Structures are given as structure tokens and as C-alpha cells.
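Text of my_file29.cif (mmCIF, C-alpha atoms) as supplied:
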```cif
data_my_file
#
loop_
_atom_site.label_atom_id
_atom_site.label_comp_id
_atom_site.auth_asym_id
_atom_site.auth_seq_id
_atom_site.Cartn_x
_atom_site.Cartn_y
_atom_site.Cartn_z
CA MET A 12 -15.86 -48.01 -49.88
CA TYR A 13 -13.55 -46.13 -52.22
CA LYS A 14 -9.89 -47.05 -52.65
CA ILE A 15 -7.12 -44.57 -53.38
CA LEU A 16 -3.61 -45.48 -54.52
CA ILE A 17 -0.81 -42.91 -54.14
CA ILE A 18 2.27 -43.32 -56.36
CA ASP A 19 5.27 -41.16 -55.48
CA ARG A 20 9.01 -41.72 -55.12
CA CYS A 21 9.20 -39.22 -52.25
CA GLN A 22 8.54 -40.95 -48.93
CA PHE A 23 7.55 -37.72 -47.19
CA SER A 24 4.99 -36.84 -49.88
CA ARG A 25 3.51 -40.35 -49.81
CA HIS A 26 3.26 -40.52 -46.05
CA GLY A 27 1.96 -36.97 -45.68
CA LEU A 28 -0.77 -37.33 -48.28
CA GLU A 29 -1.75 -40.80 -47.07
CA THR A 30 -2.06 -39.54 -43.49
CA TRP A 31 -4.09 -36.54 -44.63
CA LEU A 32 -6.49 -38.60 -46.73
CA ALA A 33 -6.87 -41.37 -44.16
CA ARG A 34 -8.69 -38.95 -41.84
CA SER A 35 -12.26 -40.15 -42.13
CA ASP A 36 -13.90 -36.74 -41.64
CA TYR A 37 -12.73 -35.45 -45.05
CA PHE A 38 -14.98 -37.66 -47.18
CA THR A 39 -18.67 -38.48 -47.17
CA SER A 40 -17.96 -42.17 -48.01
CA PRO A 41 -15.45 -44.57 -46.41
CA VAL A 42 -11.99 -44.37 -48.03
CA MET A 43 -9.05 -46.78 -47.90
CA VAL A 44 -5.65 -45.33 -48.87
CA THR A 45 -2.36 -47.05 -49.67
CA SER A 46 0.85 -45.62 -51.15
CA LEU A 47 3.76 -47.02 -53.16
CA ASN A 48 7.14 -45.89 -54.50
CA SER A 49 7.47 -48.67 -57.10
CA LEU A 50 5.87 -48.40 -60.54
CA PHE A 51 6.11 -52.16 -60.98
CA LEU A 52 4.17 -52.77 -57.78
CA ALA A 53 1.76 -49.90 -58.56
CA LYS A 54 0.81 -51.52 -61.87
CA GLU A 55 0.08 -54.82 -60.09
CA HIS A 56 -1.99 -52.99 -57.46
CA ILE A 57 -4.08 -51.24 -60.09
CA GLU A 58 -4.77 -54.52 -61.90
CA HIS A 59 -5.63 -56.54 -58.78
CA TRP A 60 -6.61 -54.06 -56.06
CA GLN A 61 -8.62 -51.94 -58.53
CA PRO A 62 -8.53 -48.51 -56.88
CA SER A 63 -11.21 -45.96 -57.68
CA LEU A 64 -8.59 -43.22 -57.87
CA VAL A 65 -4.84 -43.08 -58.48
CA ILE A 66 -2.92 -40.00 -57.29
CA ALA A 67 0.48 -40.03 -58.98
CA ASP A 68 3.61 -37.94 -59.17
CA PHE A 69 5.70 -39.38 -62.01
CA SER A 70 8.26 -36.56 -61.76
CA GLY A 71 10.70 -38.72 -59.82
CA PHE A 72 10.43 -41.56 -62.34
CA GLN A 73 10.48 -39.75 -65.70
CA ASP A 74 14.27 -39.30 -65.87
CA ASP A 75 14.84 -43.04 -65.48
CA PRO A 76 14.64 -44.62 -68.95
CA THR A 77 13.70 -48.00 -67.47
CA GLN A 78 10.53 -46.47 -66.02
CA ALA A 79 9.06 -45.00 -69.23
CA ASN A 80 7.32 -48.22 -70.28
CA LEU A 81 6.00 -48.72 -66.75
CA ILE A 82 4.32 -45.30 -66.74
CA ALA A 83 2.53 -46.19 -69.97
CA ALA A 84 1.63 -49.59 -68.49
CA ILE A 85 0.10 -47.90 -65.43
CA PHE A 86 -2.18 -45.77 -67.63
CA ALA A 87 -3.13 -48.88 -69.60
CA ALA A 88 -3.94 -50.71 -66.35
CA CYS A 89 -6.15 -47.80 -65.21
CA GLY A 90 -8.19 -47.89 -68.41
CA GLN A 91 -11.69 -46.62 -67.68
CA ARG A 92 -11.82 -48.25 -64.24
CA SER A 93 -9.44 -46.01 -62.27
CA GLN A 94 -9.22 -42.25 -62.68
CA VAL A 95 -5.87 -40.49 -62.26
CA ILE A 96 -4.98 -37.20 -60.60
CA LEU A 97 -1.45 -36.13 -61.54
CA LEU A 98 0.12 -34.30 -58.60
CA GLN A 99 3.56 -33.09 -59.68
CA TYR A 100 6.30 -30.97 -58.16
CA ARG A 101 7.92 -29.92 -61.46
CA PRO A 102 6.97 -29.72 -65.14
CA MET A 103 7.11 -33.09 -66.84
CA ARG A 104 6.14 -34.91 -70.00
CA ASN A 105 2.55 -34.40 -71.04
CA TYR A 106 0.47 -37.32 -69.82
CA THR A 107 -2.80 -35.40 -69.79
CA HIS A 108 -3.91 -36.91 -73.12
CA HIS A 109 -4.59 -40.25 -71.45
CA GLU A 110 -8.30 -40.86 -70.95
CA ALA A 111 -7.74 -41.87 -67.32
CA VAL A 112 -6.25 -38.47 -66.34
CA LEU A 113 -8.85 -36.33 -64.61
CA VAL A 114 -6.72 -33.30 -63.70
CA THR A 115 -3.09 -32.22 -63.26
CA LEU A 116 -2.24 -30.28 -60.10
CA SER A 117 0.92 -28.79 -58.63
CA LYS A 118 2.18 -30.11 -55.31
CA LYS A 119 2.03 -26.50 -54.16
CA THR A 120 -1.77 -26.65 -54.40
CA GLN A 121 -3.44 -26.26 -51.00
CA LEU A 122 -4.35 -29.59 -49.39
CA GLN A 123 -7.98 -28.59 -48.99
CA HIS A 124 -8.29 -27.92 -52.73
CA ILE A 125 -6.65 -31.28 -53.49
CA THR A 126 -9.09 -32.94 -51.09
CA ASN A 127 -12.03 -31.26 -52.84
CA MET A 128 -10.79 -32.49 -56.23
CA ILE A 129 -10.44 -36.01 -54.83
CA GLU A 130 -13.96 -35.88 -53.34
CA ASN A 131 -15.37 -34.76 -56.70
CA ALA A 132 -13.47 -37.54 -58.47
CA LEU A 133 -14.73 -40.19 -56.06
CA ASN A 134 -18.31 -38.95 -56.32
CA SER A 135 -18.14 -39.46 -60.09
CA ARG A 136 -17.16 -43.12 -59.61
CA PRO A 137 -19.61 -45.95 -58.87
CA TRP A 138 -19.70 -46.92 -55.20
CA LEU A 139 -18.77 -50.58 -54.96
CA ASN A 140 -18.84 -53.16 -52.21
CA TYR A 141 -15.20 -54.15 -51.73
CA THR A 142 -15.72 -56.66 -48.96
CA HIS A 143 -13.82 -59.36 -50.86
CA THR A 144 -10.94 -57.16 -52.02
CA ILE A 145 -10.45 -54.80 -49.12
CA SER A 146 -6.84 -55.80 -48.36
CA PRO A 147 -3.95 -54.43 -50.41
CA LEU A 148 -2.20 -56.95 -52.66
CA LEU A 149 0.95 -57.05 -50.51
CA THR A 150 1.47 -56.48 -46.81
CA ARG A 151 3.43 -53.42 -45.70
CA GLN A 152 6.45 -55.60 -44.91
CA GLU A 153 6.26 -57.28 -48.31
CA GLU A 154 6.11 -53.85 -49.96
CA LYS A 155 9.27 -52.83 -48.07
CA VAL A 156 11.06 -56.02 -49.11
CA LEU A 157 10.03 -55.56 -52.75
CA SER A 158 11.16 -51.92 -52.78
CA LEU A 159 14.60 -52.88 -51.44
CA TRP A 160 14.73 -55.87 -53.79
CA LEU A 161 14.04 -53.61 -56.77
CA GLU A 162 16.89 -51.35 -55.61
CA GLY A 163 19.20 -54.35 -56.03
CA MET A 164 19.90 -55.00 -52.36
CA SER A 165 21.02 -58.46 -51.29
CA ASN A 166 19.03 -60.65 -48.90
CA PRO A 167 21.49 -60.10 -46.00
CA LEU A 168 21.32 -56.32 -46.48
CA ILE A 169 17.51 -56.35 -46.66
CA ALA A 170 17.47 -58.48 -43.51
CA ARG A 171 19.69 -55.99 -41.65
CA MET A 172 17.69 -52.96 -42.80
CA LEU A 173 14.37 -54.50 -41.74
CA SER A 174 15.73 -56.26 -38.64
CA ILE A 175 14.60 -59.69 -39.81
CA SER A 176 16.43 -62.91 -40.66
CA GLY A 177 17.71 -63.86 -44.11
CA LYS A 178 15.33 -66.82 -44.12
CA THR A 179 12.41 -64.44 -43.53
CA VAL A 180 13.53 -62.29 -46.47
CA TYR A 181 13.53 -65.41 -48.65
CA THR A 182 10.00 -66.25 -47.45
CA TYR A 183 8.78 -62.72 -48.20
CA LYS A 184 10.28 -62.88 -51.70
CA ARG A 185 8.59 -66.22 -52.34
CA ASN A 186 5.23 -64.81 -51.20
CA ILE A 187 5.72 -61.72 -53.37
CA ARG A 188 6.46 -63.86 -56.42
CA LEU A 189 3.34 -65.94 -55.80
CA LYS A 190 1.08 -62.93 -55.27
CA LEU A 191 2.44 -61.07 -58.30
CA ARG A 192 2.58 -64.23 -60.44
CA MET A 193 6.29 -63.86 -61.13
CA ASP A 194 7.87 -66.72 -63.04
CA ASN A 195 11.28 -66.36 -61.41
CA ARG A 196 13.33 -64.18 -59.10
CA PHE A 197 14.44 -61.93 -61.97
CA SER A 198 10.91 -60.96 -63.03
CA PRO A 199 10.81 -57.60 -61.16
CA PHE A 200 13.84 -56.43 -63.11
CA LEU A 201 12.50 -57.28 -66.59
CA SER A 202 10.46 -55.01 -68.81
CA SER A 203 7.05 -56.28 -69.89
CA GLY A 204 8.51 -57.28 -73.27
CA GLU A 205 11.38 -59.14 -71.65
CA ARG A 206 8.96 -61.00 -69.37
CA ILE A 207 6.92 -62.15 -72.36
CA THR A 208 10.09 -63.32 -74.12
CA ALA A 209 11.23 -65.17 -70.99
CA GLN A 210 7.86 -66.89 -70.70
CA THR A 211 7.80 -68.08 -74.33
CA SER A 212 11.43 -69.20 -74.51
#
```
Go ahead and express the file in the form of C-alpha cells.
Amino acid sequence: MYKILIIDRCQFSRHGLETWLARSDYFTSPVMVTSLNSLFLAKEHIEHWQPSLVIADFSGFQDDPTQANLIAAIFAACGQRSQVILLQYRPMRNYTHHEAVLVTLSKKTQLQHITNMIENALNSRPWLNYTHTISPLLTRQEEKVLSLWLEGMSNPLIARMLSISGKTVYTYKRNIRLKLRMDNRFSPFLSSGERITAQTS
């Protein structure tokens, strides 16, 4: 089983690529695909879910100064364990010097060529038995709650948008904090340096 993590701020790109890759007839080995629009959550996924391959478009994040440290943290989390394919829609800062980056492609590249590059990347990785870590770190609903939470939405607004109760939102947030080992409810909004300071003070 190989695991692929897609990181992209564009919902249509994430969903389209995830749907395309989830079709089992494209790869010779079983593949599990999940996608995220949060760099904070993506970093946690890489550290705990340990994907074989990360497909990322950082174009939508690079203009946000609060995201710069998170992009570097994602590469650090990948290390030598997870390879990265950069799939971008516009020119961006040069991240190709990171050892984890396998190739940089344009989003205008034909899907079949992208699929071939992904297949080659997966074939270069060791095949591992993921029976004990097959599930993503967070459920789909928890990912939705976290994304809205990171956008600064209140519990009542999150509840309305997801058609759930405020108490359920609170429960999801508690589960997210436990799974991501957050010290408090402000942790998602702190940089890594601020979290370390908060923990030692």
C-alpha cells in the first residue's frame, strides 16, 4: 500500500486530482489518497500518517506571510521518508533545492503524464505494510471543522455550515486537539516558535 497526500488551497484541484488518483486501475500497487487545504494539518499528516508521496501546490499559500514557516516545516517533516512532487499553477519561490523534491510540474501538464511521474515516484519508494496506519489522522468531518476553525469561524457558524450542533463542534475540536497533541485551543493559530514559547512559559 502506498499513501499519497495532496496539498492544495484550491478545492477543485484537490478533489479532481484525488478522484483521478483514487481510480485503482492507474497503479500497479494499491494506493490510498487524501487531500488537505491546511498546511498546519498537512504537516501533522506527514509526521503521523507518513505518506510515500506528497503532491503539493504551494502557490496559493506563498503570498501569506504566516504560511512561509509552515512550508519549510512541511519539507522538514518529509525529510527522506516522503518524496514531493510540486504541481503549481504559477511561478513561485524556488523550493526545488529541498532534497525531498522529486520534480516540479505545471498544472497544465496532462494528467496521464502526471500519473506516470507519480507511478515512477512510488516505484522508487519501499513498499510497506500499512495495516496499522491505514486511516488518515483526522476524519473528513474533523478536517472540515479544523479548516473552518483555522479560518477564524466561530463554533455557531461552523455548526451552521456543517449542519451540526454547537456541542458537536466542541467535541470535534476536542478530538482534533487530542489527535494533534495541541496544548490549548489557540495552538492552531501559533507558529512553531510561538508554540514552543507557550509550552515553556
- Determine, counting all atoms listed in the file, which protein, DNA and RNA residues have an atom within 8 Å of an atom of segment 118-134 of chain A; residues of the same chain fewer than 2 positions away are not included. Present the result as a PyMOL selection string. chain A and resi 13+32+37-38+63-64+94+98-100+113+116+136-137
- Name the residues that the PyMOL selection byres ((chain A and resi 161) around 10) picks from the file above, as number ranges by chain, using the file's chain letters and numbers. A: 49, 51-52, 155-160, 162-164, 197, 199-200
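Residue nearest Asn48 of chain A within the list A:Glu29, A:Ala87, A:Glu154, A:Ile96: A:Glu154 [criterion: smallest interatomic distance, all atoms listed in the file].
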Using the chain letters and numbers from this file, what does the PyMOL selection byres ((chain A and resi 150) around 12) select? Give the answer as a PDB file with C-alpha atoms, keeping the file's coordinate frame.
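Contents of part_34.pdb, freshly written:
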```pdb
ATOM      1  CA  THR A  45      -2.360 -47.050 -49.670  1.00  0.00           C
ATOM      2  CA  SER A  46       0.850 -45.620 -51.150  1.00  0.00           C
ATOM      3  CA  LEU A  47       3.760 -47.020 -53.160  1.00  0.00           C
ATOM      4  CA  LEU A  52       4.170 -52.770 -57.780  1.00  0.00           C
ATOM      5  CA  HIS A  56      -1.990 -52.990 -57.460  1.00  0.00           C
ATOM      6  CA  SER A 146      -6.840 -55.800 -48.360  1.00  0.00           C
ATOM      7  CA  PRO A 147      -3.950 -54.430 -50.410  1.00  0.00           C
ATOM      8  CA  LEU A 148      -2.200 -56.950 -52.660  1.00  0.00           C
ATOM      9  CA  LEU A 149       0.950 -57.050 -50.510  1.00  0.00           C
ATOM     10  CA  ARG A 151       3.430 -53.420 -45.700  1.00  0.00           C
ATOM     11  CA  GLN A 152       6.450 -55.600 -44.910  1.00  0.00           C
ATOM     12  CA  GLU A 153       6.260 -57.280 -48.310  1.00  0.00           C
ATOM     13  CA  GLU A 154       6.110 -53.850 -49.960  1.00  0.00           C
ATOM     14  CA  LYS A 155       9.270 -52.830 -48.070  1.00  0.00           C
ATOM     15  CA  VAL A 156      11.060 -56.020 -49.110  1.00  0.00           C
ATOM     16  CA  LEU A 157      10.030 -55.560 -52.750  1.00  0.00           C
ATOM     17  CA  TYR A 183       8.780 -62.720 -48.200  1.00  0.00           C
ATOM     18  CA  LYS A 184      10.280 -62.880 -51.700  1.00  0.00           C
ATOM     19  CA  ASN A 186       5.230 -64.810 -51.200  1.00  0.00           C
ATOM     20  CA  ILE A 187       5.720 -61.720 -53.370  1.00  0.00           C
ATOM     21  CA  LYS A 190       1.080 -62.930 -55.270  1.00  0.00           C
TER      22      LYS A 190
END
```
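Compared by their closest atoms to Gln22 of chain A, and using all atoms listed in the file, the residues A:Gln78, A:Leu191, A:Gly177, A:Gly71 rank with A:Gly71 nearest.
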- Task: Kindly extract all protein, DNA and RNA residues lying within 10 Å of the coordinates (8.3, -38.5, -52.1) given in the file, considering only C-alpha atoms, and supply them as JSON, numbers by chain.
- Result: {"A": [18, 19, 20, 21, 22, 23, 24, 25, 26, 27, 28, 47, 48, 68, 70, 71, 100]}
Could those selected residues go to a file with C-alpha atoms, as a CSV table (one decimal), in the coordinates of the input?
```
chain,number,residue,atom,x,y,z
A,18,ILE,CA,2.3,-43.3,-56.4
A,19,ASP,CA,5.3,-41.2,-55.5
A,20,ARG,CA,9.0,-41.7,-55.1
A,21,CYS,CA,9.2,-39.2,-52.2
A,22,GLN,CA,8.5,-41.0,-48.9
A,23,PHE,CA,7.6,-37.7,-47.2
A,24,SER,CA,5.0,-36.8,-49.9
A,25,ARG,CA,3.5,-40.4,-49.8
A,26,HIS,CA,3.3,-40.5,-46.0
A,27,GLY,CA,2.0,-37.0,-45.7
A,28,LEU,CA,-0.8,-37.3,-48.3
A,47,LEU,CA,3.8,-47.0,-53.2
A,48,ASN,CA,7.1,-45.9,-54.5
A,68,ASP,CA,3.6,-37.9,-59.2
A,70,SER,CA,8.3,-36.6,-61.8
A,71,GLY,CA,10.7,-38.7,-59.8
A,100,TYR,CA,6.3,-31.0,-58.2
```
- Task: Using the chain letters and residue numbers of this document, give as number ranges by chain the residues selected by the PyMOL selection byres ((chain A and resi 88) around 8).
- Result: A: 54, 57-58, 84-87, 89-90
- Hey, can you check how far atom CA of Asn166 of chain A sits from atom CA of Leu50 of chain A? 21.4 Å
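Atom CA of Arg188 of chain A to atom CA of Gln61 of chain A spans 19.3 Å [interatomic distance, one decimal].
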Output: segment 20-114 of chain A of the preceding structure, restricted to C-alpha atoms, written as an mmCIF file, in the first residue's frame.
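Once written, selection-v4.cif looks like this:
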```cif
data_model
loop_
_atom_site.group_PDB
_atom_site.id
_atom_site.type_symbol
_atom_site.label_atom_id
_atom_site.label_comp_id
_atom_site.auth_asym_id
_atom_site.auth_seq_id
_atom_site.Cartn_x
_atom_site.Cartn_y
_atom_site.Cartn_z
ATOM 1 C CA ARG A 20 -5.752 25.509 -1.425
ATOM 2 C CA CYS A 21 -7.998 25.039 -4.460
ATOM 3 C CA GLN A 22 -10.871 22.690 -3.648
ATOM 4 C CA PHE A 23 -11.487 21.816 -7.294
ATOM 5 C CA SER A 24 -7.837 20.878 -7.875
ATOM 6 C CA ARG A 25 -7.730 18.761 -4.720
ATOM 7 C CA HIS A 26 -10.955 16.935 -5.450
ATOM 8 C CA GLY A 27 -10.178 16.439 -9.129
ATOM 9 C CA LEU A 28 -6.710 15.033 -8.569
ATOM 10 C CA GLU A 29 -7.823 12.889 -5.641
ATOM 11 C CA THR A 30 -10.656 11.398 -7.711
ATOM 12 C CA TRP A 31 -8.300 10.763 -10.625
ATOM 13 C CA LEU A 32 -5.660 9.066 -8.491
ATOM 14 C CA ALA A 33 -8.147 7.031 -6.465
ATOM 15 C CA ARG A 34 -9.012 5.009 -9.577
ATOM 16 C CA SER A 35 -7.319 1.713 -8.851
ATOM 17 C CA ASP A 36 -6.517 0.833 -12.479
ATOM 18 C CA TYR A 37 -3.866 3.580 -12.772
ATOM 19 C CA PHE A 38 -1.287 1.990 -10.467
ATOM 20 C CA THR A 39 0.257 -1.456 -10.191
ATOM 21 C CA SER A 40 0.145 -1.315 -6.347
ATOM 22 C CA PRO A 41 -2.744 -0.301 -4.053
ATOM 23 C CA VAL A 42 -2.854 3.461 -3.392
ATOM 24 C CA MET A 43 -4.645 5.457 -0.694
ATOM 25 C CA VAL A 44 -5.123 9.183 -1.401
ATOM 26 C CA THR A 45 -6.155 12.024 0.897
ATOM 27 C CA SER A 46 -6.104 15.786 0.294
ATOM 28 C CA LEU A 47 -5.858 18.874 2.507
ATOM 29 C CA ASN A 48 -6.044 22.663 2.192
ATOM 30 C CA SER A 49 -4.306 23.406 5.513
ATOM 31 C CA LEU A 50 -0.519 23.493 5.816
ATOM 32 C CA PHE A 51 -0.776 23.046 9.575
ATOM 33 C CA LEU A 52 -2.803 19.864 9.160
ATOM 34 C CA ALA A 53 -0.614 18.710 6.242
ATOM 35 C CA LYS A 54 2.493 18.888 8.433
ATOM 36 C CA GLU A 55 0.788 16.761 11.100
ATOM 37 C CA HIS A 56 -0.330 14.253 8.455
ATOM 38 C CA ILE A 57 3.187 13.906 7.080
ATOM 39 C CA GLU A 58 4.620 13.313 10.555
ATOM 40 C CA HIS A 59 1.979 10.799 11.666
ATOM 41 C CA TRP A 60 0.379 9.355 8.523
ATOM 42 C CA GLN A 61 3.772 9.097 6.769
ATOM 43 C CA PRO A 62 2.766 9.261 3.096
ATOM 44 C CA SER A 63 5.054 7.810 0.450
ATOM 45 C CA LEU A 64 4.430 10.813 -1.780
ATOM 46 C CA VAL A 65 3.283 14.405 -1.258
ATOM 47 C CA ILE A 66 1.814 16.293 -4.234
ATOM 48 C CA ALA A 67 1.754 19.983 -3.351
ATOM 49 C CA ASP A 68 0.806 23.292 -4.884
ATOM 50 C CA PHE A 69 2.143 25.992 -2.557
ATOM 51 C CA SER A 70 1.175 28.782 -4.980
ATOM 52 C CA GLY A 71 -1.949 29.625 -3.007
ATOM 53 C CA PHE A 72 -0.013 29.800 0.267
ATOM 54 C CA GLN A 73 3.177 31.655 -0.698
ATOM 55 C CA ASP A 74 1.678 35.165 -0.569
ATOM 56 C CA ASP A 75 0.535 34.655 3.025
ATOM 57 C CA PRO A 76 3.457 35.571 5.317
ATOM 58 C CA THR A 77 2.093 33.372 8.103
ATOM 59 C CA GLN A 78 2.469 30.315 5.852
ATOM 60 C CA ALA A 79 6.175 30.692 4.969
ATOM 61 C CA ASN A 80 7.422 28.868 8.077
ATOM 62 C CA LEU A 81 4.844 26.126 7.568
ATOM 63 C CA ILE A 82 6.081 25.412 4.032
ATOM 64 C CA ALA A 83 9.614 24.977 5.379
ATOM 65 C CA ALA A 84 8.226 22.799 8.196
ATOM 66 C CA ILE A 85 6.468 20.562 5.654
ATOM 67 C CA PHE A 86 9.745 19.950 3.794
ATOM 68 C CA ALA A 87 11.459 19.237 7.107
ATOM 69 C CA ALA A 88 8.705 16.753 8.015
ATOM 70 C CA CYS A 89 9.123 14.994 4.651
ATOM 71 C CA GLY A 90 12.854 14.507 5.184
ATOM 72 C CA GLN A 91 13.974 11.403 3.310
ATOM 73 C CA ARG A 92 10.775 9.487 4.068
ATOM 74 C CA SER A 93 8.280 11.272 1.790
ATOM 75 C CA GLN A 94 9.086 12.485 -1.706
ATOM 76 C CA VAL A 95 7.447 15.657 -3.039
ATOM 77 C CA ILE A 96 6.061 16.488 -6.464
ATOM 78 C CA LEU A 97 5.441 20.227 -6.793
ATOM 79 C CA LEU A 98 2.407 20.798 -9.010
ATOM 80 C CA GLN A 99 1.970 24.548 -9.447
ATOM 81 C CA TYR A 100 -0.304 26.804 -11.462
ATOM 82 C CA ARG A 101 2.022 29.853 -11.494
ATOM 83 C CA PRO A 102 5.719 30.585 -10.974
ATOM 84 C CA MET A 103 6.667 30.666 -7.322
ATOM 85 C CA ARG A 104 9.620 30.712 -4.986
ATOM 86 C CA ASN A 105 12.235 28.099 -5.732
ATOM 87 C CA TYR A 106 11.690 25.105 -3.486
ATOM 88 C CA THR A 107 13.420 22.648 -5.793
ATOM 89 C CA HIS A 108 16.630 22.716 -3.731
ATOM 90 C CA HIS A 109 14.995 20.665 -0.989
ATOM 91 C CA GLU A 110 16.145 17.056 -1.032
ATOM 92 C CA ALA A 111 12.555 15.805 -0.803
ATOM 93 C CA VAL A 112 11.508 17.473 -4.100
ATOM 94 C CA LEU A 113 11.467 14.950 -6.920
ATOM 95 C CA VAL A 114 10.136 17.131 -9.749
#
```
